[in-house]
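Asks: Okay, here's the structure, questions in a sec.
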Amino acid sequence: MRIITAKNYEDMSRKAANIISAQIIMNPKCVLGLATGSTPMGAYKQLVDWYNKDDLDFSMVRTVNLDEYKGLDANHEQSYRHFMDSHLFSHVNMNPDHVNIPNGIAADSRLECQRYDDVIAGLGGIDLQVLGIGLNGHIAFNEPDIAFEKKTHLVTLTQSTIAANSRLFNDISEVPTSAYTMGIKNIVQAKMILLIVSGEEKADIMYEAFCGPVTPAVPASILQMHNQVIIVGDAAALAKLSINTTI
Ligand code: PGA
C-alpha cells in the first residue's frame, strides 16, 4: 500500500488526477472505475482542465461507476449519472457508449445487478478503481456488515448515509432509501485502487480502516488485503495513520 499525503484538497485532487491521467496515457483503452461524491470532484475538474489543454484523450477510455440510487433516472439532478455527466463526461471526449452506470429505474433489480456484473466482466475487469470512503467506512454503497463476497447488489441505505447525502437534496425525505452498488468483490478485483480522502472528519475512520482489523464492520478495511492500493489524502484525513502500521 502506498500512502501519499497531500497538503490540502486542491493538492489531493491534483495528485489523484495525475494518477488517473497516467493510467489513461499508459493505456488509452483502460477501464476506469469511477466514484461520485464531494471527494473526487476536484480531481475530475483537473482532468477536464488537462483535456482542455489537449493533454488527455478520453475517446477510447471505458468507465464503470460504482453505484446509482434506485428510483432516480439518468436525468434526475441527484442521480449519479447526472453527477458524472456534469462533472466529467460532458466536458471531455468520452464516447457515451463507453459509459456504464447502474440503471436506477431498471424494472427488475436482480436482472440489473446481473447485467452490471456482466458489463464489468465483459470489459475484462477494472484497471483503476477510484474510491472515496464514507464516515462509517463504506466504499461505494457497501455499508457496514455487508459480506465481502457480494458482487453488484441492491442495498438499503443506512440512516447515517441518508443523512450525509441529504445535503444535496431539498429535503431528507427525497433521498432514496436504496441503491445499486458494485459489491466489495467487484471492487477488490480491480487491478489498482486509488482511494482519495479529505478532511479531519475522515481521520478516525481512516485509522479504523487501515490500522484496525479487516472486518465487514468497516468495509474499507478489506483494502488492507489488496496489493495495489494507493491512498491520496490530505494531511487532516491522514492525521491518525501511522505509515509504519500500514505498509
Ligand atoms: P464524499 O463521500 O466524497 O461525499 O465524502 C464519500 C463516500 O461516501 O463514499
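Residue names in the C-alpha cells use chain letters A, B, ... in the order shown, residue numbers from 1 in each chain, and ligand numbers from 1 in the order shown.
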Could you give me, as a ChimeraX atom specification, each residue of range 12-208 of chain A that DSSP assigns to strand (DSSP E or B) when run on this structure's backbone?
Replies: /A:31-34,62-65,67-69,99-100,128-131,139,142,153-156,178-181,192-197
Asks: Would you kindly return, as number ranges by chain, each protein, DNA or RNA residue with an atom no farther than 12 Å from any atom of Asn65 in chain A, considering only C-alpha atoms and excluding same-chain residues fewer than 6 positions away?
Replies: A: 31-37, 79-85, 89, 98-103, 116-117, 119-120, 126, 128-131, 140-141, 152, 180-183, 186-187
Asks: When you count only C-alpha atoms, which of these residues is closest to His91 in chain A: A:Lys70, A:Lys45, A:His138, A:Arg167?
Replies: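 Nearest to His91 in chain A: A:Lys45.
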Asks: Show me which residues sit within 10 Å of ligand 1 when counting only C-alpha atoms and all ligand atoms, and put them as a PyMOL selection string.
Replies: chain A and resi 35-41+66+131-143+161+164-165+167-168+195-199+201-202+220
Asks: Once you have the residues from the selection above, write them out as a PDB file, in the first residue's frame, restricted to C-alpha atoms.
Replies:
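Output below, filename part-v9.pdb:
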ATOM      1  CA  ALA A  35     -16.842   7.313  -7.930  1.00  0.00           C
ATOM      2  CA  THR A  36     -19.189  10.181  -7.136  1.00  0.00           C
ATOM      3  CA  GLY A  37     -19.266  12.405  -4.038  1.00  0.00           C
ATOM      4  CA  SER A  38     -17.544  15.575  -2.903  1.00  0.00           C
ATOM      5  CA  THR A  39     -14.113  13.965  -2.732  1.00  0.00           C
ATOM      6  CA  PRO A  40     -13.440  13.228  -6.439  1.00  0.00           C
ATOM      7  CA  MET A  41     -14.959  16.465  -7.790  1.00  0.00           C
ATOM      8  CA  LEU A  66     -19.620   2.283  -8.545  1.00  0.00           C
ATOM      9  CA  LEU A 131     -12.822   5.245  -4.389  1.00  0.00           C
ATOM     10  CA  GLY A 132     -13.941   7.567  -1.631  1.00  0.00           C
ATOM     11  CA  ILE A 133     -14.691   6.423   1.893  1.00  0.00           C
ATOM     12  CA  GLY A 134     -17.815   7.133   3.927  1.00  0.00           C
ATOM     13  CA  LEU A 135     -17.808   8.266   7.543  1.00  0.00           C
ATOM     14  CA  ASN A 136     -18.883   4.746   8.552  1.00  0.00           C
ATOM     15  CA  GLY A 137     -16.193   3.118   6.409  1.00  0.00           C
ATOM     16  CA  HIS A 138     -18.427   2.297   3.471  1.00  0.00           C
ATOM     17  CA  ILE A 139     -16.954   2.038  -0.003  1.00  0.00           C
ATOM     18  CA  ALA A 140     -19.405   2.665  -2.791  1.00  0.00           C
ATOM     19  CA  PHE A 141     -22.709   1.850  -1.037  1.00  0.00           C
ATOM     20  CA  ASN A 142     -21.328  -1.198   0.735  1.00  0.00           C
ATOM     21  CA  GLU A 143     -22.492  -0.338   4.203  1.00  0.00           C
ATOM     22  CA  THR A 161     -25.610   7.658   4.759  1.00  0.00           C
ATOM     23  CA  ALA A 164     -24.892  12.600   4.953  1.00  0.00           C
ATOM     24  CA  ASN A 165     -26.275  12.615   1.395  1.00  0.00           C
ATOM     25  CA  ARG A 167     -27.186  17.845   1.919  1.00  0.00           C
ATOM     26  CA  LEU A 168     -27.627  17.546  -1.838  1.00  0.00           C
ATOM     27  CA  LEU A 195      -8.624   5.841  -2.535  1.00  0.00           C
ATOM     28  CA  ILE A 196      -8.926   9.577  -2.129  1.00  0.00           C
ATOM     29  CA  VAL A 197      -9.883  11.181   1.147  1.00  0.00           C
ATOM     30  CA  SER A 198     -10.047  14.665   2.555  1.00  0.00           C
ATOM     31  CA  GLY A 199     -10.928  16.386   5.818  1.00  0.00           C
ATOM     32  CA  GLU A 201     -13.860  14.201   9.918  1.00  0.00           C
ATOM     33  CA  LYS A 202     -12.487  11.196   7.988  1.00  0.00           C
ATOM     34  CA  ALA A 220     -12.870  -0.258   3.594  1.00  0.00           C
TER      35      ALA A 220
END
Asks: From the list A:Ile25, A:Ala209, A:Ile146, A:Cys30, which residue is nearest Asp55 in chain A when using only C-alpha atoms?
Replies: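 Nearest to Asp55 in chain A: A:Ile25.
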Asks: Point out the residue among A:Asn8, A:Tyr69, A:Asn27, A:Ala22 with the least atom-to-atom distance to Trp50 in chain A, counting only C-alpha atoms.
Replies: A:Ala22
